[in-house]
Amino acid sequence: MTPVSSIRLAGLGVLLVAAACGGSSGGGTGPCTPGAATQLAKSGGDGQAWYFNNPLPAALSVKALDANNCAVPGVVVNWTVASGGGGVSPAQSTTNASGVASTTDSIGGSTPQSVSATPAITTLPTLTFSATAAAPPTSAAVDVKDNFFSPQNAAIKTGGTVTWTWGGAAAHNVTYTGGPTPHPADGPNQITGMFSSTITAVGTYDYHCTNHAGMSGTITVLR
Ligand SMILES: [Cu+2]
């Protein structure tokens with residue numbers, strides 16, 4: 001082997017080690033042995049638009065990495081509402097094997113809201129998440145098409161009404177499959193017409209059309 005090809009192989013080895021450490025996709029498993037955390041970044045939940053006095057659909061999360069982009073577990077993160085009211089739960093969490101720490105954020109009665117994620121390791125940055133809120137709607141309209149519901153995900157305030165309007169060429173139905181029980185009554189199997197559900201129990205309800213695989217939607221009932 002010539003000196004040149006040896007150098008090339010050594011370079012390739014460095015690349016393979018870097019890839020095994022997770023690279024941009026993270027990782028934190030296998031041959032990647034994390035060192036001290038030197039990086040902290042938002043990994044989910046920022047910039048959500050939701051409704052006053054309700055928990056955001058997605059958790060807020062941050063990810064800790066070492067200098068080689070290897071995920072670092074065990075990093076303590078403190079979550080606090082910086083402005084706008086509401087609350088977080090838990091107020092403190094610790095990064096898991098994937099380097100991720102998260103919390104559930106509820107918006108309060110004002111908008112926008114900001115939440116700070118402050119790591120216990122003071123050399124890491126404090127990160128700020130923002131969310132905006134609107135008043136929950138008392139009604140929602142969903143179109144029944146071939147073969148999908150539009151919008152697929154709808155939200156109403158507790159006691160509000162969802163109305164589906166059929167407008168396709170094929171027969172469809174609204175059949176509840178998940179969410180708080182008892183489920184609301186199912187809608188008819190029909191080609192034209194309308195159907196409504198008035199729901200008071202807070203939660204997210206899943207429904208689908210039994211005629212068409214993958215034709216599904218959700219109704220979130222808000223506080
Ligand atoms: Cu259908």
# chains A, B, ... in the order shown; residues from 1 in each chain; ligands from 1

$ residues_around --residues "A:Gly203" --least-positions-apart "5" --cutoff "9 Å" --atoms "only C-alpha atoms" --output "JSON, numbers by chain"
{"A": [179, 180, 219, 220, 221, 222, 223]}

$ write_last_selection --atoms "C-alpha atoms" --output "PDB file, in the first residue's frame"
ATOM      1  CA  GLY A 179     -60.922   9.423  22.262  1.00  0.00           C
ATOM      2  CA  PRO A 180     -62.885   9.823  25.473  1.00  0.00           C
ATOM      3  CA  ILE A 219     -61.707  16.439  16.498  1.00  0.00           C
ATOM      4  CA  THR A 220     -59.997  18.122  19.435  1.00  0.00           C
ATOM      5  CA  VAL A 221     -62.429  19.361  22.093  1.00  0.00           C
ATOM      6  CA  LEU A 222     -60.859  22.271  23.977  1.00  0.00           C
ATOM      7  CA  ARG A 223     -61.465  23.651  27.442  1.00  0.00           C
TER       8      ARG A 223
END

$ residues_near_ligand --ligand "ligand 1" --cutoff "9 Å" --atoms "only C-alpha atoms and all ligand atoms" --output "ChimeraX atom specification"
/A:144-149,170-174,189,208-216

$ residues_around --residues "stretch 125-135 of chain A" --least-positions-apart "3" --cutoff "6 Å" --atoms "only C-alpha atoms" --output "PDB file with C-alpha atoms, in the first residue's frame"
ATOM      1  CA  ASP A  46     -41.526  25.920  18.983  1.00  0.00           C
ATOM      2  CA  GLY A  47     -43.879  28.379  17.297  1.00  0.00           C
ATOM      3  CA  GLN A  48     -47.180  26.586  17.840  1.00  0.00           C
ATOM      4  CA  ALA A  49     -50.502  28.400  17.355  1.00  0.00           C
ATOM      5  CA  TRP A  50     -53.213  27.048  19.651  1.00  0.00           C
ATOM      6  CA  TYR A  51     -55.975  28.153  22.037  1.00  0.00           C
ATOM      7  CA  PHE A  52     -56.160  30.057  25.315  1.00  0.00           C
ATOM      8  CA  THR A 111     -50.794  35.817  23.817  1.00  0.00           C
ATOM      9  CA  PRO A 112     -48.002  35.502  22.811  1.00  0.00           C
ATOM     10  CA  GLN A 113     -46.421  33.273  25.422  1.00  0.00           C
ATOM     11  CA  SER A 114     -42.729  32.531  25.800  1.00  0.00           C
ATOM     12  CA  VAL A 115     -41.078  29.681  27.698  1.00  0.00           C
ATOM     13  CA  SER A 116     -37.401  29.480  28.636  1.00  0.00           C
ATOM     14  CA  ALA A 117     -35.414  26.261  28.721  1.00  0.00           C
ATOM     15  CA  THR A 118     -32.471  26.892  31.027  1.00  0.00           C
TER      16      THR A 118
END

$ residues_around --residues "A:Pro151" --least-positions-apart "3" --cutoff "10 Å" --atoms "only C-alpha atoms" --output "compact mmCIF listing (two decimals) with N, CA and C atoms, in the first residue's frame"
# COMPACT_ATOMS: atom_id res chain seq x y z
N ALA A 140 -67.08 24.01 14.06
CA ALA A 140 -66.11 23.69 13.01
C ALA A 140 -66.85 23.03 11.87
N ALA A 141 -66.41 23.30 10.65
CA ALA A 141 -67.00 22.70 9.46
C ALA A 141 -65.97 21.82 8.76
N VAL A 142 -66.38 20.59 8.43
CA VAL A 142 -65.48 19.66 7.76
C VAL A 142 -66.15 19.17 6.48
N ASP A 143 -65.43 19.25 5.36
CA ASP A 143 -65.94 18.73 4.09
C ASP A 143 -65.57 17.26 3.95
N VAL A 144 -66.52 16.47 3.47
CA VAL A 144 -66.29 15.04 3.22
C VAL A 144 -66.09 14.87 1.72
N PHE A 148 -61.14 11.92 1.51
CA PHE A 148 -60.47 12.55 2.65
C PHE A 148 -61.42 13.53 3.32
N ALA A 154 -59.73 19.13 13.21
CA ALA A 154 -60.55 20.29 13.56
C ALA A 154 -60.60 20.40 15.08
N GLY A 217 -59.71 11.42 10.40
CA GLY A 217 -59.58 12.77 10.91
C GLY A 217 -59.64 12.78 12.41
N THR A 218 -59.43 13.98 12.98
CA THR A 218 -59.55 14.12 14.43
C THR A 218 -60.37 15.37 14.76

$ residues_around --residues "A:Gly86" --least-positions-apart "2" --cutoff "9 Å" --atoms "only C-alpha atoms" --output "number ranges by chain"
A: 52-55, 81, 83-84, 88, 105-110, 113

$ residues_around --residues "A:Tyr176" --least-positions-apart "4" --cutoff "9 Å" --atoms "only C-alpha atoms" --output "PyMOL selection string"
chain A and resi 183-187+205-209

$ closest_residue --among "A:Thr103, A:Asn68, A:Thr94, A:Thr175" --to "A:Ile121" --atoms "only C-alpha atoms"
A:Thr94

$ residues_around --residues "A:Val77" --least-positions-apart "5" --cutoff "12 Å" --atoms "only C-alpha atoms" --output "JSON, numbers by chain"
{"A": [40, 41, 42, 60, 61, 62, 63, 64, 90, 91, 92, 93, 94, 95, 96, 99, 100, 101, 102, 103, 116, 117, 118, 119, 120, 121, 122, 124, 125, 126, 127]}

$ write_last_selection --atoms "N, CA and C atoms" --output "PDB file, in the first residue's frame"
ATOM      1  N   LEU A  40     -26.742  22.814  22.902  1.00  0.00           N
ATOM      2  CA  LEU A  40     -28.138  22.594  23.248  1.00  0.00           C
ATOM      3  C   LEU A  40     -28.982  23.339  22.223  1.00  0.00           C
ATOM      4  N   ALA A  41     -29.950  22.631  21.611  1.00  0.00           N
ATOM      5  CA  ALA A  41     -30.777  23.250  20.567  1.00  0.00           C
ATOM      6  C   ALA A  41     -32.222  22.808  20.723  1.00  0.00           C
ATOM      7  N   LYS A  42     -33.143  23.633  20.234  1.00  0.00           N
ATOM      8  CA  LYS A  42     -34.550  23.248  20.233  1.00  0.00           C
ATOM      9  C   LYS A  42     -34.750  22.075  19.281  1.00  0.00           C
ATOM     10  N   LEU A  60     -42.722  20.713  24.170  1.00  0.00           N
ATOM     11  CA  LEU A  60     -41.508  21.486  23.903  1.00  0.00           C
ATOM     12  C   LEU A  60     -40.321  20.586  24.212  1.00  0.00           C
ATOM     13  N   SER A  61     -39.317  20.583  23.336  1.00  0.00           N
ATOM     14  CA  SER A  61     -38.165  19.713  23.601  1.00  0.00           C
ATOM     15  C   SER A  61     -36.863  20.363  23.135  1.00  0.00           C
ATOM     16  N   VAL A  62     -35.808  19.985  23.831  1.00  0.00           N
ATOM     17  CA  VAL A  62     -34.448  20.409  23.486  1.00  0.00           C
ATOM     18  C   VAL A  62     -33.556  19.175  23.403  1.00  0.00           C
ATOM     19  N   LYS A  63     -32.448  19.311  22.669  1.00  0.00           N
ATOM     20  CA  LYS A  63     -31.527  18.187  22.515  1.00  0.00           C
ATOM     21  C   LYS A  63     -30.115  18.635  22.845  1.00  0.00           C
ATOM     22  N   ALA A  64     -29.425  17.833  23.678  1.00  0.00           N
ATOM     23  CA  ALA A  64     -28.047  18.123  24.077  1.00  0.00           C
ATOM     24  C   ALA A  64     -27.085  17.232  23.296  1.00  0.00           C
ATOM     25  N   PRO A  90     -43.394  18.767  33.272  1.00  0.00           N
ATOM     26  CA  PRO A  90     -42.776  19.202  34.516  1.00  0.00           C
ATOM     27  C   PRO A  90     -41.983  20.496  34.333  1.00  0.00           C
ATOM     28  N   ALA A  91     -41.625  21.120  35.487  1.00  0.00           N
ATOM     29  CA  ALA A  91     -40.809  22.334  35.460  1.00  0.00           C
ATOM     30  C   ALA A  91     -39.335  22.007  35.285  1.00  0.00           C
ATOM     31  N   GLN A  92     -38.985  20.752  35.482  1.00  0.00           N
ATOM     32  CA  GLN A  92     -37.595  20.322  35.276  1.00  0.00           C
ATOM     33  C   GLN A  92     -37.603  18.949  34.629  1.00  0.00           C
ATOM     34  N   SER A  93     -36.765  18.764  33.616  1.00  0.00           N
ATOM     35  CA  SER A  93     -36.629  17.440  33.014  1.00  0.00           C
ATOM     36  C   SER A  93     -35.165  17.215  32.660  1.00  0.00           C
ATOM     37  N   THR A  94     -34.837  15.962  32.364  1.00  0.00           N
ATOM     38  CA  THR A  94     -33.453  15.555  32.140  1.00  0.00           C
ATOM     39  C   THR A  94     -33.346  14.870  30.789  1.00  0.00           C
ATOM     40  N   THR A  95     -32.297  15.175  30.025  1.00  0.00           N
ATOM     41  CA  THR A  95     -32.166  14.574  28.698  1.00  0.00           C
ATOM     42  C   THR A  95     -32.062  13.050  28.809  1.00  0.00           C
ATOM     43  N   ASN A  96     -32.759  12.377  27.872  1.00  0.00           N
ATOM     44  CA  ASN A  96     -32.787  10.916  27.861  1.00  0.00           C
ATOM     45  C   ASN A  96     -31.631  10.358  27.022  1.00  0.00           C
ATOM     46  N   GLY A  99     -30.659  12.226  24.148  1.00  0.00           N
ATOM     47  CA  GLY A  99     -30.223  13.600  24.389  1.00  0.00           C
ATOM     48  C   GLY A  99     -31.363  14.595  24.475  1.00  0.00           C
ATOM     49  N   VAL A 100     -32.599  14.102  24.577  1.00  0.00           N
ATOM     50  CA  VAL A 100     -33.772  14.977  24.498  1.00  0.00           C
ATOM     51  C   VAL A 100     -34.445  15.128  25.864  1.00  0.00           C
ATOM     52  N   ALA A 101     -34.746  16.385  26.234  1.00  0.00           N
ATOM     53  CA  ALA A 101     -35.552  16.697  27.414  1.00  0.00           C
ATOM     54  C   ALA A 101     -36.780  17.463  26.941  1.00  0.00           C
ATOM     55  N   SER A 102     -37.951  17.198  27.565  1.00  0.00           N
ATOM     56  CA  SER A 102     -39.171  17.833  27.080  1.00  0.00           C
ATOM     57  C   SER A 102     -40.094  18.189  28.225  1.00  0.00           C
ATOM     58  N   THR A 103     -41.080  19.037  27.900  1.00  0.00           N
ATOM     59  CA  THR A 103     -42.120  19.394  28.860  1.00  0.00           C
ATOM     60  C   THR A 103     -43.405  19.684  28.106  1.00  0.00           C
ATOM     61  N   SER A 116     -38.855  29.631  28.654  1.00  0.00           N
ATOM     62  CA  SER A 116     -37.401  29.480  28.636  1.00  0.00           C
ATOM     63  C   SER A 116     -37.000  28.075  29.068  1.00  0.00           C
ATOM     64  N   ALA A 117     -36.047  27.517  28.339  1.00  0.00           N
ATOM     65  CA  ALA A 117     -35.414  26.261  28.721  1.00  0.00           C
ATOM     66  C   ALA A 117     -33.992  26.596  29.162  1.00  0.00           C
ATOM     67  N   THR A 118     -33.764  26.497  30.465  1.00  0.00           N
ATOM     68  CA  THR A 118     -32.471  26.892  31.027  1.00  0.00           C
ATOM     69  C   THR A 118     -31.730  25.657  31.515  1.00  0.00           C
ATOM     70  N   PRO A 119     -30.605  25.319  30.863  1.00  0.00           N
ATOM     71  CA  PRO A 119     -29.864  24.123  31.289  1.00  0.00           C
ATOM     72  C   PRO A 119     -29.104  24.375  32.591  1.00  0.00           C
ATOM     73  N   ALA A 120     -28.974  23.328  33.405  1.00  0.00           N
ATOM     74  CA  ALA A 120     -28.206  23.447  34.642  1.00  0.00           C
ATOM     75  C   ALA A 120     -26.726  23.665  34.351  1.00  0.00           C
ATOM     76  N   ILE A 121     -26.275  23.198  33.184  1.00  0.00           N
ATOM     77  CA  ILE A 121     -24.893  23.453  32.766  1.00  0.00           C
ATOM     78  C   ILE A 121     -24.835  24.870  32.220  1.00  0.00           C
ATOM     79  N   THR A 122     -24.163  25.761  32.950  1.00  0.00           N
ATOM     80  CA  THR A 122     -24.278  27.187  32.629  1.00  0.00           C
ATOM     81  C   THR A 122     -23.544  27.584  31.356  1.00  0.00           C
ATOM     82  N   LEU A 124     -24.038  26.105  28.578  1.00  0.00           N
ATOM     83  CA  LEU A 124     -24.999  25.876  27.489  1.00  0.00           C
ATOM     84  C   LEU A 124     -25.975  27.044  27.421  1.00  0.00           C
ATOM     85  N   PRO A 125     -26.526  27.317  26.237  1.00  0.00           N
ATOM     86  CA  PRO A 125     -27.421  28.472  26.086  1.00  0.00           C
ATOM     87  C   PRO A 125     -28.805  28.228  26.689  1.00  0.00           C
ATOM     88  N   THR A 126     -29.433  29.314  27.147  1.00  0.00           N
ATOM     89  CA  THR A 126     -30.857  29.277  27.467  1.00  0.00           C
ATOM     90  C   THR A 126     -31.630  29.481  26.173  1.00  0.00           C
ATOM     91  N   LEU A 127     -32.636  28.632  25.945  1.00  0.00           N
ATOM     92  CA  LEU A 127     -33.412  28.683  24.705  1.00  0.00           C
ATOM     93  C   LEU A 127     -34.811  29.196  24.999  1.00  0.00           C
TER      94      LEU A 127
END

$ atom_distance --atom1 "atom CA of A:Gly87" --atom2 "atom CA of A:Ala201"
22.0 Å

$ atom_distance --atom1 "atom CA of A:Cys32" --atom2 "atom CA of A:Ser98"
11.1 Å

$ select_by_dssp --residues "stretch 2-216 of chain A" --states "strand (DSSP E)" --output "number ranges by chain"
A: 37-44, 48-51, 60-66, 76-83, 87-89, 92-94, 100-106, 113-119, 127-134, 139-144, 149-150, 153-157, 161-166, 175-178, 193-198, 203-208, 216

$ write_last_selection --atoms "C-alpha atoms" --output "PDB file, in the first residue's frame"
ATOM      1  CA  ALA A  37     -22.493  18.519  26.533  1.00  0.00           C
ATOM      2  CA  THR A  38     -21.357  21.537  24.517  1.00  0.00           C
ATOM      3  CA  GLN A  39     -24.472  22.137  22.405  1.00  0.00           C
ATOM      4  CA  LEU A  40     -28.138  22.594  23.248  1.00  0.00           C
ATOM      5  CA  ALA A  41     -30.777  23.250  20.567  1.00  0.00           C
ATOM      6  CA  LYS A  42     -34.550  23.248  20.233  1.00  0.00           C
ATOM      7  CA  SER A  43     -35.780  19.944  18.824  1.00  0.00           C
ATOM      8  CA  GLY A  44     -39.564  20.363  18.819  1.00  0.00           C
ATOM      9  CA  GLN A  48     -47.180  26.586  17.840  1.00  0.00           C
ATOM     10  CA  ALA A  49     -50.502  28.400  17.355  1.00  0.00           C
ATOM     11  CA  TRP A  50     -53.213  27.048  19.651  1.00  0.00           C
ATOM     12  CA  TYR A  51     -55.975  28.153  22.037  1.00  0.00           C
ATOM     13  CA  LEU A  60     -41.508  21.486  23.903  1.00  0.00           C
ATOM     14  CA  SER A  61     -38.165  19.713  23.601  1.00  0.00           C
ATOM     15  CA  VAL A  62     -34.448  20.409  23.486  1.00  0.00           C
ATOM     16  CA  LYS A  63     -31.527  18.187  22.515  1.00  0.00           C
ATOM     17  CA  ALA A  64     -28.047  18.123  24.077  1.00  0.00           C
ATOM     18  CA  LEU A  65     -24.982  17.126  22.030  1.00  0.00           C
ATOM     19  CA  ASP A  66     -21.276  16.898  22.738  1.00  0.00           C
ATOM     20  CA  VAL A  76     -30.927  18.836  33.564  1.00  0.00           C
ATOM     21  CA  VAL A  77     -33.156  21.488  31.962  1.00  0.00           C
ATOM     22  CA  ASN A  78     -35.369  23.924  33.895  1.00  0.00           C
ATOM     23  CA  TRP A  79     -38.512  25.142  32.141  1.00  0.00           C
ATOM     24  CA  THR A  80     -40.136  28.445  33.075  1.00  0.00           C
ATOM     25  CA  VAL A  81     -42.833  30.633  31.567  1.00  0.00           C
ATOM     26  CA  ALA A  82     -41.001  33.856  30.734  1.00  0.00           C
ATOM     27  CA  SER A  83     -44.053  35.847  29.640  1.00  0.00           C
ATOM     28  CA  GLY A  87     -47.643  26.815  32.764  1.00  0.00           C
ATOM     29  CA  VAL A  88     -45.249  23.967  32.056  1.00  0.00           C
ATOM     30  CA  SER A  89     -45.215  20.435  33.422  1.00  0.00           C
ATOM     31  CA  GLN A  92     -37.595  20.322  35.276  1.00  0.00           C
ATOM     32  CA  SER A  93     -36.629  17.440  33.014  1.00  0.00           C
ATOM     33  CA  THR A  94     -33.453  15.555  32.140  1.00  0.00           C
ATOM     34  CA  VAL A 100     -33.772  14.977  24.498  1.00  0.00           C
ATOM     35  CA  ALA A 101     -35.552  16.697  27.414  1.00  0.00           C
ATOM     36  CA  SER A 102     -39.171  17.833  27.080  1.00  0.00           C
ATOM     37  CA  THR A 103     -42.120  19.394  28.860  1.00  0.00           C
ATOM     38  CA  THR A 104     -45.818  19.973  28.230  1.00  0.00           C
ATOM     39  CA  ASP A 105     -46.755  23.631  27.809  1.00  0.00           C
ATOM     40  CA  SER A 106     -50.205  25.094  28.434  1.00  0.00           C
ATOM     41  CA  GLN A 113     -46.421  33.273  25.422  1.00  0.00           C
ATOM     42  CA  SER A 114     -42.729  32.531  25.800  1.00  0.00           C
ATOM     43  CA  VAL A 115     -41.078  29.681  27.698  1.00  0.00           C
ATOM     44  CA  SER A 116     -37.401  29.480  28.636  1.00  0.00           C
ATOM     45  CA  ALA A 117     -35.414  26.261  28.721  1.00  0.00           C
ATOM     46  CA  THR A 118     -32.471  26.892  31.027  1.00  0.00           C
ATOM     47  CA  PRO A 119     -29.864  24.123  31.289  1.00  0.00           C
ATOM     48  CA  LEU A 127     -33.412  28.683  24.705  1.00  0.00           C
ATOM     49  CA  THR A 128     -36.722  30.506  24.248  1.00  0.00           C
ATOM     50  CA  PHE A 129     -39.890  28.956  22.811  1.00  0.00           C
ATOM     51  CA  SER A 130     -42.851  31.000  21.648  1.00  0.00           C
ATOM     52  CA  ALA A 131     -46.532  30.192  21.177  1.00  0.00           C
ATOM     53  CA  THR A 132     -49.594  32.150  20.168  1.00  0.00           C
ATOM     54  CA  ALA A 133     -53.213  31.623  21.182  1.00  0.00           C
ATOM     55  CA  ALA A 134     -56.702  32.407  19.971  1.00  0.00           C
ATOM     56  CA  SER A 139     -68.101  25.354  15.767  1.00  0.00           C
ATOM     57  CA  ALA A 140     -66.115  23.694  13.012  1.00  0.00           C
ATOM     58  CA  ALA A 141     -67.005  22.698   9.457  1.00  0.00           C
ATOM     59  CA  VAL A 142     -65.482  19.657   7.764  1.00  0.00           C
ATOM     60  CA  ASP A 143     -65.937  18.734   4.087  1.00  0.00           C
ATOM     61  CA  VAL A 144     -66.292  15.041   3.222  1.00  0.00           C
ATOM     62  CA  PHE A 149     -61.805  14.896   5.293  1.00  0.00           C
ATOM     63  CA  SER A 150     -60.961  18.594   4.957  1.00  0.00           C
ATOM     64  CA  ASN A 153     -57.937  17.970  12.092  1.00  0.00           C
ATOM     65  CA  ALA A 154     -60.548  20.286  13.564  1.00  0.00           C
ATOM     66  CA  ALA A 155     -60.949  21.847  17.021  1.00  0.00           C
ATOM     67  CA  ILE A 156     -63.951  23.145  18.970  1.00  0.00           C
ATOM     68  CA  LYS A 157     -64.571  24.506  22.438  1.00  0.00           C
ATOM     69  CA  THR A 161     -70.488  21.477  17.284  1.00  0.00           C
ATOM     70  CA  VAL A 162     -68.674  19.913  14.341  1.00  0.00           C
ATOM     71  CA  THR A 163     -70.650  19.707  11.098  1.00  0.00           C
ATOM     72  CA  TRP A 164     -69.596  17.472   8.200  1.00  0.00           C
ATOM     73  CA  THR A 165     -70.899  18.227   4.702  1.00  0.00           C
ATOM     74  CA  TRP A 166     -70.716  15.492   2.083  1.00  0.00           C
ATOM     75  CA  THR A 175     -67.193   6.490  12.419  1.00  0.00           C
ATOM     76  CA  TYR A 176     -65.500   7.273  15.745  1.00  0.00           C
ATOM     77  CA  THR A 177     -62.547   5.058  16.673  1.00  0.00           C
ATOM     78  CA  GLY A 178     -60.786   6.774  19.568  1.00  0.00           C
ATOM     79  CA  GLY A 193     -76.076  15.404   3.216  1.00  0.00           C
ATOM     80  CA  MET A 194     -74.761  16.636   6.523  1.00  0.00           C
ATOM     81  CA  PHE A 195     -74.060  15.334  10.014  1.00  0.00           C
ATOM     82  CA  SER A 196     -73.180  17.056  13.296  1.00  0.00           C
ATOM     83  CA  SER A 197     -71.615  16.094  16.614  1.00  0.00           C
ATOM     84  CA  THR A 198     -71.926  18.284  19.691  1.00  0.00           C
ATOM     85  CA  GLY A 203     -59.985  15.424  24.534  1.00  0.00           C
ATOM     86  CA  THR A 204     -59.027  14.369  21.030  1.00  0.00           C
ATOM     87  CA  TYR A 205     -61.393  12.099  19.122  1.00  0.00           C
ATOM     88  CA  ASP A 206     -60.296   9.980  16.169  1.00  0.00           C
ATOM     89  CA  TYR A 207     -62.707   9.054  13.422  1.00  0.00           C
ATOM     90  CA  HIS A 208     -62.534   7.484   9.993  1.00  0.00           C
ATOM     91  CA  SER A 216     -59.458   9.643   8.793  1.00  0.00           C
TER      92      SER A 216
END

$ atom_distance --atom1 "atom CA of A:Gln190" --atom2 "atom CA of A:Gly167"
10.1 Å

$ closest_residue --among "A:Pro137, A:Gly85, A:Pro34, A:Gly168" --to "A:Ala97" --atoms "only C-alpha atoms"
A:Pro34
